[in-house]
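K.L.:
Below: one structure in structure tokens.
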Amino acid sequence: MSANRKLQTEIDRTLKKVEEGVEVFDEVWDKVYSATQQNQKEKYEVDLKKEIKKLQRHRDQIKTWAASSDVKDKRALATARKLIETKMEQFKVCEKETKTKTYSKEGLAREARVDPHEAARRSTRAWLRDAADRL
């Protein structure tokens, strides 16, 4: 009985670490996409990779527990595993964007998309030009 209690406390501790890891991942994710400097973005991407590696280690442990017959209620384990896997997919997208070469077909197509800040700047410039022309 004490072994089951010990296992349950370890599971609870790991699930708490997963929650905290997901929060940190989301914070770093926001930093990656709000970074203006390329070197900042690269630094945050390294941090993002560290966080996803931690989450993957927790995921492996969760998979082991889910396969075990010692654990009775596996719903929390399954939801944590799915959450980690969605974050892994999110990281995969970020990593693909990072590794895309600038002058490849994908890179050139991506440059056609304009970030919201640049779009706002362009519209402001157009408005200023128009107002100056009217004067």
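In the structure tokens, each chain is lettered A, B, ... as it comes, each chain's residues begin at 1, and ligands are numbered from 1 in order of appearance.
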Leaving out A:Glu45 and any residue of its chain fewer than 5 positions from it, which residues lie within 10 Å of it when counting only C-alpha atoms, given as JSON, numbers by chain?
P.N.:
{"A": [28, 29, 31, 32, 33, 39, 40, 50, 51, 91, 94, 95, 98]}
K.L.:
Export N, CA and C atoms of the chosen residues as an mmCIF file, in the first residue's frame?
P.N.:
```cif
data_model
loop_
_atom_site.group_PDB
_atom_site.id
_atom_site.type_symbol
_atom_site.label_atom_id
_atom_site.label_comp_id
_atom_site.auth_asym_id
_atom_site.auth_seq_id
_atom_site.Cartn_x
_atom_site.Cartn_y
_atom_site.Cartn_z
ATOM 1 N N VAL A 28 8.123 31.323 -23.114
ATOM 2 C CA VAL A 28 9.257 31.397 -24.042
ATOM 3 C C VAL A 28 8.747 31.471 -25.480
ATOM 4 N N TRP A 29 7.665 30.754 -25.767
ATOM 5 C CA TRP A 29 7.056 30.779 -27.100
ATOM 6 C C TRP A 29 6.650 32.209 -27.462
ATOM 7 N N LYS A 31 7.910 34.915 -26.216
ATOM 8 C CA LYS A 31 9.132 35.698 -26.378
ATOM 9 C C LYS A 31 9.756 35.474 -27.754
ATOM 10 N N VAL A 32 9.712 34.228 -28.236
ATOM 11 C CA VAL A 32 10.289 33.926 -29.556
ATOM 12 C C VAL A 32 9.581 34.737 -30.629
ATOM 13 N N TYR A 33 8.257 34.766 -30.577
ATOM 14 C CA TYR A 33 7.510 35.434 -31.634
ATOM 15 C C TYR A 33 7.354 36.933 -31.432
ATOM 16 N N ASN A 39 19.262 37.803 -32.976
ATOM 17 C CA ASN A 39 20.021 37.078 -31.949
ATOM 18 C C ASN A 39 19.163 36.786 -30.714
ATOM 19 N N GLN A 40 18.224 37.684 -30.391
ATOM 20 C CA GLN A 40 17.286 37.421 -29.289
ATOM 21 C C GLN A 40 16.417 36.219 -29.630
ATOM 22 N N LYS A 50 15.209 23.632 -24.904
ATOM 23 C CA LYS A 50 15.479 23.060 -23.578
ATOM 24 C C LYS A 50 14.173 22.669 -22.891
ATOM 25 N N GLU A 51 13.192 23.567 -22.971
ATOM 26 C CA GLU A 51 11.910 23.295 -22.318
ATOM 27 C C GLU A 51 11.204 22.099 -22.941
ATOM 28 N N PHE A 91 6.293 23.199 -31.222
ATOM 29 C CA PHE A 91 7.736 23.402 -31.334
ATOM 30 C C PHE A 91 8.226 22.991 -32.713
ATOM 31 N N CYS A 94 7.747 25.806 -35.073
ATOM 32 C CA CYS A 94 8.739 26.854 -34.815
ATOM 33 C C CYS A 94 10.093 26.445 -35.378
ATOM 34 N N GLU A 95 10.471 25.200 -35.146
ATOM 35 C CA GLU A 95 11.766 24.710 -35.615
ATOM 36 C C GLU A 95 11.829 24.712 -37.136
ATOM 37 N N THR A 98 12.407 28.182 -38.298
ATOM 38 C CA THR A 98 13.776 28.591 -38.007
ATOM 39 C C THR A 98 14.747 28.039 -39.044
#
```
K.L.:
Using only C-alpha atoms, pick whichever of A:Gln56, A:Ser2, A:Thr14, A:Thr9 has the shortest atom-to-atom distance to A:Ile84.
P.N.:
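For A:Ile84, the nearest of the candidates is A:Gln56.
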K.L.:
Which is closest to A:Glu97 among A:Arg125, A:Lys82, A:Lys16, A:Lys41, if we use only C-alpha atoms?
P.N.:
A:Lys41
K.L.:
Find the residues around A:Asp60 up to 12 Å (only C-alpha atoms counted), leave out those fewer than 4 positions away in its own chain, and share them as a list in words.
P.N.:
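Surrounding residues, per the criterion: Thr14, Val18, Lys53, Lys54, Leu55, Gln56, Thr64, Trp65, Ala66, Ala67, Leu77, Ala78, Ala80, Arg81, Lys82, Ile84 and Glu85 of chain A.
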K.L.:
One decimal, in Å: what's the spacing between atom CA of A:Ser69 and atom CA of A:Asn4?
P.N.:
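The value is 11.1 Å.
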K.L.:
Figure out the distance between atom CA of A:Asp12 and atom CA of A:Arg75, please, to one decimal in Å.
P.N.:
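If I compute the distance from atom CA of A:Arg75 to atom CA of A:Asp12, I get 12.6 Å.
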K.L.:
For atom CA of A:His58 and atom CA of A:Glu19, quote the distance in Å rounded to one decimal.
P.N.:
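Between these atoms lies a distance of 10.7 Å.
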K.L.:
Per DSSP on the backbone, what are the helix (DSSP H, G or I) residues of stretch 18-130 of chain A, as a PyMOL selection string?
P.N.:
chain A and resi 18-34+38-67+75-99+105-112+116-130
K.L.:
Pick out the closest residue to A:Lys49 from this set: A:Leu135, A:Arg121, A:Lys87, A:Ala126. Count only C-alpha atoms.
P.N.:
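The shortest atom-to-atom distance to A:Lys49 comes from A:Lys87.
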